[in-house]
Amino acid sequence: MSAHSTQGGRDTHTAPHEPVFTGDTRARLERLFALYPTKQACLLPALWMVQEVRGWISESAIGEVAEVLDLTPAYVKGVVTFYTMYHTHPVGRHFIQVCTTSPCNICGAEDVVKALLQATGCGELGATSPDGRFTVIEVECLGACGFATPILVDDDFIESVTPDTVPGILLRYP
Amino acid sequence: MADDLVNVTIDGMPVSVPKGTPIIEAAKQAGVLVPHYCYHPSLPSPAVCRMCLVEVEKAPKLMPACVTTVTEGQVVHVNSASAKKAREGVLELLLINHPLDCPICDQAGECELQDYVFQEGRSGTRYSEYAKRYNPVEDFGPDVLYVPNRCILCTRCVRFMDDVAGTPVLNVSERGDRAYIGISEQQTLDHPWSGNVVDLCPVGSLLSKDFLHKARAWDLDKSASVCPGCTQGCNINIDTRDDVVVRIRPRPNLEVNRHFICDEGRMNYRWMNRGDRIEAPLVRDGGRHIATDWDTALARLEQVLRGASGPAVVLASGRASTESLGLVRRLVDRFEVTAAVQVPLGDEAPLPGIPNLALRRERAPNLAGAELLGYTRHWEAALQRTPSAAVVIVLDADLTGADEAALAAAPGAVIVLGTVFAEALRNAELVLPVTSMAEENGTYVNRDQRLQRYQQAKSQPGMARPAWWIAGEVLAGPGPSAEAPSTAADAFLLLGERWPVFAGLSHGDLGYTGRVLRGAPELALSGSDGGGR
Amino acid sequence: MGYPHPSHPKETVVLSQYFGDPEARGYDGWVKRGGYVALRKALGMTRDAIIEEVKASGLRGRGGAGFPTGLKWSFMPKEVTRPHYLVCNADESEPGTFKDREIMRWTPHAMIEGCAIAAYAIGAERCYIYIRGEFTDPLRIVSAAVEEAYAHGALGADAFGSGKRIDMVLHRGAGAYICGEETAMMNSIEGKRGNPRIKPPFPAAAGLFGMPTTINNVETLTAVPHILNRGAAWYKGLCLGNPKSTGTKLISICGHVQRPGNYEVTMGTPLKDILYDMAGGPKPGRTFKAVIPGGSSVPIMTREEAEAALFDYEGIVEKGSMLGSAGMIVMDDTTDMVYQIWRLARFYAHESCAQCTQCREGTAWTTKILERILAGKGKQEDFQLLLDLSENMTGKTICVLSDSCAAPVVSGIQKFRSEFEAYIAGAREPALAAV
């Protein structure tokens, strides 16, 4: 809980919340309702939609999702904070996830992390680079252990990354 | 049915319990407490704390007693070496991040972590060179504080709000050892039954702001009582310290309130400590009242009643005991009586997860008892009779405004049996101090016709006496051979002759959970399961 | 095949035949390679007949538990009075395992066909495919393949004109290893925190949305069409070791081998062949030190133990570990065992759902103790403390995540104690800064 000093206190939203579930997004959500017997089961997909549209899931977005699915904000928040892929605060334009669990760890994953932190200018894990371009975090096993070290840059799954290939990769993400 | 019973042996003690009973409940019958945290008989069981793991012969692993149901011939060891070792392990793990807050923690003395660690925990820590997890205190709502550092994540509070209160306000946030109980900034913990999470919390993590740092658990005296808030009749304990009421908590009664009380009942006790009480019997002397002794006052009361004839009006508080209401009613038997009980009204607040449990609209704990004794709810009508009444008896009713004016205009004799003096009582013949329900023994009848006892929790101020005592003395007549009741139990026995519904019963029959009166008519009540009004 | 390497002669290529073949991805390409024959056949069989065939084949769950698949399917109610569900577990998150990813990105229709047959066999009209959130390519590829399958009538209200409905819904995970546990997966689909459930009730009695449910791993389901096409006897005959372990298994071998990748072998193949012949042995100048054969949640094997083992469920157990998901992590003599055990403990501590006291607090404490040892502040007492903790964490929780954390710790101390001693004695430079 080190990143939170008060619960939900990070989202100092002064602007009113612009609804996410309008137009096409709303239509997509409605189609989901037919695929699950409960609205509650649409929660994970709905949260993905919010993150797709807004880049992260704010406190007010949590409120909107709760309303749209007949859940409470507290309930939705409990789910959001359980799953590590949902961002509860803004991140860099490009979000980089690096696997450092043992199979990749013994194949140089930590060097890849260092190279990325340096090349992006982030300096430390979880921080966004000064130009707002990147955020780099360590994640657990990405399921491509034979292709060490895999990284995810946004939705791009890139295999066999080494410190040498890092600069070239980053060039693809302005 | 005999064939629905299952026979098991728990720590050597054979018991027979209904099919489907979890081992932890069966163990209670064997007189064995299985230590536990997350289990609670009024909540769904998630089996997460792992404290209740017991050894079951022929099972490959220790089994959680809260969710493992009994099977025929099962042999269970709650206190075997392996079960105790497992518990010791859980306790050690709970303590590694738990702060050494006992000296400043409200829960000390009634803390289940303290209790079990003392009973079977390790005597020293092995987590000595690591930092403990730290999170600041959170304000969850009107009365509840959350101290994350002390939380053992039993999730009772979350399950209570989700499944019993029906309003998910609390969650578990994050994962692993970073987890804590969370609340959304868009919600607050103000549900009318939310105070129960403080009782449910086994440790000092959820605290009542009302009780914060007020008293040490071991300084408290506890009395079994009944909540005077409404017709539900939830069973409570009144906690006092040095004769001052400091806390109300629920007392389990599976037939009435299970393990819960509403926040109104919980918070509404300060009136029990009021200092501005009538402390001596007062008789009118010209234009003023003078204090006197009980003999004089009782003689005067008897004289006033003897000298009057015609209509009588009794205005009673809805908090008056069955004994007091009954004997006071008998005082005016030879008059033409209009007796009414005061029933303030409020909003209903059900607890959805428990059948037939709500904060009731009728905020009078003994409405049912009063009606059985011939009192009605028609307060206004009764007040309108006072100008033409020969005798008006006010039994601790709360009089304001129009009521005051009506009473002030009463030409007949006004006799007040009250706790607090009011302006309207200026013209009363007699103002006699009575005990509040916290200062006497007595009974209430709840909305389901359950007769329940309450015990005296604090001493009465000055010369105050129970109203039934006053009436009983007058009814019995003067002189040493008079048979006036000297206890509430004796007073109760005098009711059966006149009101058959109470016949053949005594206080001793009521135990701690009361008894439903047979032959009592159904009450006309508002609320989810009563008629409208 | 040893994708991304060419097939090795000692492999038995069945599921992995088309790994690396982009044409196998599309519906038409798959049909050209023999696809969707088994589904048509299945739709003409009774549910019981399919279940019997799968039982007879000896197929066991390939996700890690190794439970007999036919038997699992037979737990479903015979009569369908409420909706039945099939869940395809594509949440592959066990460290060392990367086989389901290959199945999904190269032969998605193989998986879809397997799911369809299984769904029909268990009386389910809907199958949820739970793919972990990080598998962005498989999500895209499987999604397109499902759409194709619908377009070609393999899925939908009237699958291949059989009158039977088979629907498939993709559900994307959001970053939680524990959701690979079957009951946690059901909670996740229901829109809840991914907390494992207590059993009983079992999924076949009350599972997804409280309905009868079967959860199977991707690899398990992908084997089903082959069993129907070639017969249970064929599958059963693929057995070089214990008769209870039949068929082929995809082994994801990674770490310090020359040729990491997925190799498909007949059950009972000597592990030595896999390590040295197929995966090419250690890098030049190095020797193997440790092998964790089942994904990381199993006891660590020494090189000697691994070299002597037969690769099947019983053979690995005989040598003191478990086959699990067959995500084989191979470590050579340059590996700091204490560091890697710490890294694994850190993994489990991060992934703990927080329900059970032993797991929530124990995984974190284990990590901290190992951290101190690596920082040069370890003590002799730490051995007993770690072993006590591990014992506390084994066999006492709702799911086996905490047991999984204990396994490498206990086996690590048992078999590589000298490495711990070196840190404690100060004979080795601290690997971490002091906390």
# chains A, B, ... in the order shown; residues from 1 in each chain; ligands from 1
call {"tool": "select_by_dssp", "arguments": {"residues": "segment 141-257 of chain B", "states": "strand (DSSP E)", "output": "MDAnalysis selection string"}}
result
chainID B and resid 144:146 170:173 180:183 206:208 221:226 235:241 244:250
call {"tool": "write_last_selection", "arguments": {"atoms": "C-alpha atoms", "output": "JSON list (two decimals), in the first residue's frame"}}
result
[["chain", "number", "residue", "atom", "x", "y", "z"],
["B", 144, "VAL", "CA", -15.96, 3.38, 12.38],
["B", 145, "LEU", "CA", -12.19, 3.74, 12.27],
["B", 146, "TYR", "CA", -9.98, 1.23, 10.49],
["B", 170, "LEU", "CA", -16.06, -2.67, 2.19],
["B", 171, "ASN", "CA", -13.72, -4.68, 0.02],
["B", 172, "VAL", "CA", -10.41, -6.45, 0.20],
["B", 173, "SER", "CA", -8.00, -4.35, -1.81],
["B", 180, "TYR", "CA", -6.06, -4.42, 3.37],
["B", 181, "ILE", "CA", -9.74, -3.66, 3.88],
["B", 182, "GLY", "CA", -10.71, -0.91, 1.50],
["B", 183, "ILE", "CA", -13.56, 1.49, 1.00],
["B", 206, "LEU", "CA", -12.17, -1.74, 13.35],
["B", 207, "LEU", "CA", -12.91, 0.60, 16.21],
["B", 208, "SER", "CA", -15.89, 2.59, 17.34],
["B", 221, "ASP", "CA", -19.25, -4.41, 34.21],
["B", 222, "LYS", "CA", -21.63, -6.14, 31.86],
["B", 223, "SER", "CA", -25.36, -6.57, 32.31],
["B", 224, "ALA", "CA", -27.68, -8.57, 30.10],
["B", 225, "SER", "CA", -30.44, -6.31, 28.87],
["B", 226, "VAL", "CA", -32.85, -5.61, 26.05],
["B", 235, "ASN", "CA", -30.77, -8.49, 23.17],
["B", 236, "ILE", "CA", -27.91, -6.33, 24.37],
["B", 237, "ASN", "CA", -25.23, -6.06, 26.98],
["B", 238, "ILE", "CA", -24.96, -2.76, 28.75],
["B", 239, "ASP", "CA", -21.33, -2.06, 29.66],
["B", 240, "THR", "CA", -20.75, 0.30, 32.55],
["B", 241, "ARG", "CA", -17.66, 1.67, 34.16],
["B", 244, "VAL", "CA", -21.72, 5.07, 34.03],
["B", 245, "VAL", "CA", -22.99, 3.42, 30.86],
["B", 246, "VAL", "CA", -20.19, 3.55, 28.30],
["B", 247, "ARG", "CA", -21.20, 1.09, 25.65],
["B", 248, "ILE", "CA", -24.04, -0.99, 24.29],
["B", 249, "ARG", "CA", -23.22, -4.21, 22.45],
["B", 250, "PRO", "CA", -25.37, -6.95, 21.00]]
call {"tool": "residues_around", "arguments": {"residues": "segment 117-132 of chain C", "least_positions_apart": "3", "cutoff": "8 Å", "atoms": "only C-alpha atoms", "output": "compact mmCIF listing (two decimals) with N, CA and C atoms, in the first residue's frame"}}
result
# COMPACT_ATOMS: atom_id res chain seq x y z
N ALA C 38 -12.68 -34.63 -36.50
CA ALA C 38 -13.02 -35.20 -35.19
C ALA C 38 -14.29 -34.59 -34.64
N LEU C 39 -14.47 -33.28 -34.83
CA LEU C 39 -15.68 -32.64 -34.29
C LEU C 39 -16.92 -33.18 -34.97
N ALA C 42 -17.54 -36.50 -33.54
CA ALA C 42 -18.04 -36.42 -32.16
C ALA C 42 -19.52 -36.06 -32.11
N LEU C 43 -19.92 -35.14 -32.97
CA LEU C 43 -21.31 -34.70 -32.95
C LEU C 43 -22.26 -35.81 -33.34
N THR C 46 -22.64 -40.37 -28.99
CA THR C 46 -23.30 -39.95 -27.74
C THR C 46 -22.25 -39.34 -26.83
N ARG C 47 -22.74 -38.58 -25.85
CA ARG C 47 -21.83 -37.98 -24.87
C ARG C 47 -21.05 -39.07 -24.16
N ASP C 48 -21.74 -40.10 -23.75
CA ASP C 48 -21.08 -41.18 -23.01
C ASP C 48 -19.99 -41.84 -23.84
N ILE C 50 -18.11 -40.58 -26.16
CA ILE C 50 -16.91 -39.74 -26.24
C ILE C 50 -16.15 -39.84 -24.91
N ILE C 51 -16.90 -39.74 -23.80
CA ILE C 51 -16.25 -39.78 -22.49
C ILE C 51 -15.53 -41.11 -22.29
N TRP C 73 -14.57 -35.60 -16.78
CA TRP C 73 -15.77 -35.33 -17.57
C TRP C 73 -16.95 -36.13 -17.07
N SER C 74 -16.67 -37.34 -16.59
CA SER C 74 -17.78 -38.20 -16.15
C SER C 74 -18.42 -37.70 -14.86
N MET C 76 -19.64 -34.83 -14.53
CA MET C 76 -20.72 -33.91 -14.89
C MET C 76 -22.06 -34.66 -14.85
N VAL C 80 -28.91 -33.00 -18.42
CA VAL C 80 -28.68 -31.55 -18.39
C VAL C 80 -29.96 -30.85 -17.97
N PRO C 83 -27.75 -25.13 -17.02
CA PRO C 83 -26.64 -24.95 -17.96
C PRO C 83 -25.35 -25.58 -17.46
N HIS C 84 -24.67 -26.33 -18.32
CA HIS C 84 -23.33 -26.84 -18.04
C HIS C 84 -22.33 -25.90 -18.71
N TYR C 85 -21.15 -25.79 -18.13
CA TYR C 85 -20.12 -24.95 -18.75
C TYR C 85 -18.82 -25.70 -18.90
N LEU C 86 -18.10 -25.39 -19.99
CA LEU C 86 -16.72 -25.83 -20.13
C LEU C 86 -15.86 -24.58 -20.02
N VAL C 87 -14.79 -24.67 -19.28
CA VAL C 87 -13.85 -23.57 -19.24
C VAL C 87 -12.51 -24.08 -19.76
N CYS C 88 -11.96 -23.38 -20.75
CA CYS C 88 -10.66 -23.75 -21.27
C CYS C 88 -9.62 -22.88 -20.57
N ASN C 89 -8.74 -23.52 -19.83
CA ASN C 89 -7.76 -22.80 -19.01
C ASN C 89 -6.55 -22.44 -19.85
N ALA C 90 -6.56 -21.21 -20.36
CA ALA C 90 -5.42 -20.73 -21.14
C ALA C 90 -4.71 -19.61 -20.39
N ASP C 91 -4.65 -19.77 -19.06
CA ASP C 91 -4.03 -18.75 -18.22
C ASP C 91 -2.57 -19.05 -17.95
N GLU C 92 -1.92 -19.77 -18.83
CA GLU C 92 -0.56 -20.26 -18.65
C GLU C 92 0.35 -19.25 -17.96
N SER C 93 0.62 -19.46 -16.67
CA SER C 93 1.44 -18.51 -15.92
C SER C 93 2.48 -19.19 -15.07
N GLU C 113 -11.32 -26.88 -31.75
CA GLU C 113 -11.98 -28.16 -32.03
C GLU C 113 -12.03 -29.01 -30.76
N GLY C 114 -10.93 -29.05 -30.02
CA GLY C 114 -10.90 -29.81 -28.77
C GLY C 114 -11.94 -29.30 -27.79
N PHE C 135 -1.18 -12.34 -22.88
CA PHE C 135 -1.04 -13.08 -24.16
C PHE C 135 -1.78 -12.33 -25.27
N PRO C 138 -1.96 -14.43 -28.76
CA PRO C 138 -2.97 -15.49 -28.73
C PRO C 138 -4.40 -14.96 -28.64
N LEU C 139 -4.59 -13.86 -27.90
CA LEU C 139 -5.95 -13.30 -27.80
C LEU C 139 -6.46 -12.92 -29.18
N LYS C 164 -26.92 -29.29 -32.35
CA LYS C 164 -26.37 -28.98 -31.03
C LYS C 164 -25.76 -27.58 -31.06
N ARG C 165 -25.95 -26.87 -29.94
CA ARG C 165 -25.37 -25.53 -29.84
C ARG C 165 -24.00 -25.62 -29.19
N ILE C 166 -23.01 -24.97 -29.79
CA ILE C 166 -21.70 -24.82 -29.14
C ILE C 166 -21.27 -23.38 -29.31
N ASP C 167 -21.17 -22.66 -28.19
CA ASP C 167 -20.73 -21.27 -28.23
C ASP C 167 -19.40 -21.14 -27.52
N MET C 168 -18.59 -20.21 -28.02
CA MET C 168 -17.32 -19.95 -27.34
C MET C 168 -17.16 -18.47 -27.05
N VAL C 169 -16.76 -18.15 -25.83
CA VAL C 169 -16.57 -16.76 -25.42
C VAL C 169 -15.15 -16.61 -24.89
N LEU C 170 -14.43 -15.63 -25.41
CA LEU C 170 -13.09 -15.37 -24.90
C LEU C 170 -13.18 -14.43 -23.71
N HIS C 171 -12.48 -14.77 -22.65
CA HIS C 171 -12.48 -13.93 -21.45
C HIS C 171 -11.03 -13.60 -21.15
N ARG C 172 -10.72 -12.31 -21.14
CA ARG C 172 -9.31 -11.93 -20.97
C ARG C 172 -8.97 -11.76 -19.49
N GLY C 173 -7.92 -12.41 -19.06
CA GLY C 173 -7.44 -12.24 -17.69
C GLY C 173 -6.78 -10.87 -17.55
N ALA C 174 -6.38 -10.52 -16.32
CA ALA C 174 -5.82 -9.19 -16.09
C ALA C 174 -4.61 -9.21 -15.17
N GLY C 175 -3.84 -10.28 -15.24
CA GLY C 175 -2.59 -10.28 -14.49
C GLY C 175 -2.71 -10.89 -13.11
N MET C 185 -10.25 -19.32 -11.31
CA MET C 185 -10.59 -18.94 -12.68
C MET C 185 -12.10 -18.71 -12.79
N ILE C 189 -13.97 -15.27 -13.92
CA ILE C 189 -14.94 -15.14 -15.00
C ILE C 189 -16.22 -14.48 -14.46
N THR C 214 -16.76 -28.01 -16.04
CA THR C 214 -15.48 -28.71 -16.18
C THR C 214 -14.46 -27.70 -16.66
N LEU C 221 -7.16 -30.31 -23.92
CA LEU C 221 -8.26 -30.25 -24.88
C LEU C 221 -7.76 -30.46 -26.30
N VAL C 224 -7.68 -34.02 -27.56
CA VAL C 224 -8.93 -34.76 -27.75
C VAL C 224 -9.25 -35.10 -29.21
N PRO C 225 -9.15 -34.13 -30.14
CA PRO C 225 -9.45 -34.50 -31.54
C PRO C 225 -8.56 -35.64 -32.05
call {"tool": "select_by_dssp", "arguments": {"residues": "chain A", "states": "alpha helix (DSSP H)", "output": "count of residues only"}}
result
63
call {"tool": "residues_around", "arguments": {"residues": "segment 39-47 of chain B", "least_positions_apart": "3", "cutoff": "7 Å", "atoms": "only C-alpha atoms", "output": "number ranges by chain"}}
result
B: 36, 50, 64, 66-67, 159-160
call {"tool": "write_last_selection", "arguments": {"atoms": "N, CA and C atoms", "output": "PDB file, in the first residue's frame"}}
result
ATOM      1  N   HIS B  36     -10.891 -19.894  16.257  1.00  0.00           N
ATOM      2  CA  HIS B  36     -11.178 -19.466  14.895  1.00  0.00           C
ATOM      3  C   HIS B  36     -11.215 -17.954  14.827  1.00  0.00           C
ATOM      4  N   ARG B  50      -7.696 -20.163   8.572  1.00  0.00           N
ATOM      5  CA  ARG B  50      -6.993 -21.447   8.761  1.00  0.00           C
ATOM      6  C   ARG B  50      -6.701 -21.744  10.236  1.00  0.00           C
ATOM      7  N   PRO B  64     -10.524 -27.885   7.807  1.00  0.00           N
ATOM      8  CA  PRO B  64     -11.080 -26.681   8.436  1.00  0.00           C
ATOM      9  C   PRO B  64     -12.434 -27.007   9.064  1.00  0.00           C
ATOM     10  N   CYS B  66     -14.739 -25.247  10.213  1.00  0.00           N
ATOM     11  CA  CYS B  66     -15.883 -24.373   9.972  1.00  0.00           C
ATOM     12  C   CYS B  66     -16.661 -24.761   8.725  1.00  0.00           C
ATOM     13  N   VAL B  67     -16.034 -25.474   7.807  1.00  0.00           N
ATOM     14  CA  VAL B  67     -16.740 -25.842   6.571  1.00  0.00           C
ATOM     15  C   VAL B  67     -16.809 -27.347   6.356  1.00  0.00           C
ATOM     16  N   ARG B 159     -17.789  -9.476   4.646  1.00  0.00           N
ATOM     17  CA  ARG B 159     -18.906 -10.396   4.463  1.00  0.00           C
ATOM     18  C   ARG B 159     -20.161  -9.889   5.142  1.00  0.00           C
ATOM     19  N   PHE B 160     -20.008  -9.200   6.265  1.00  0.00           N
ATOM     20  CA  PHE B 160     -21.195  -8.659   6.925  1.00  0.00           C
ATOM     21  C   PHE B 160     -21.858  -7.624   6.027  1.00  0.00           C
TER      22      PHE B 160
END
call {"tool": "residues_around", "arguments": {"residues": "Tyr36 of chain A", "least_positions_apart": "5", "cutoff": "9 Å", "atoms": "only C-alpha atoms", "output": "list in words"}}
result
Ala41 and Cys42 of chain A; Val169 and Glu190 of chain C
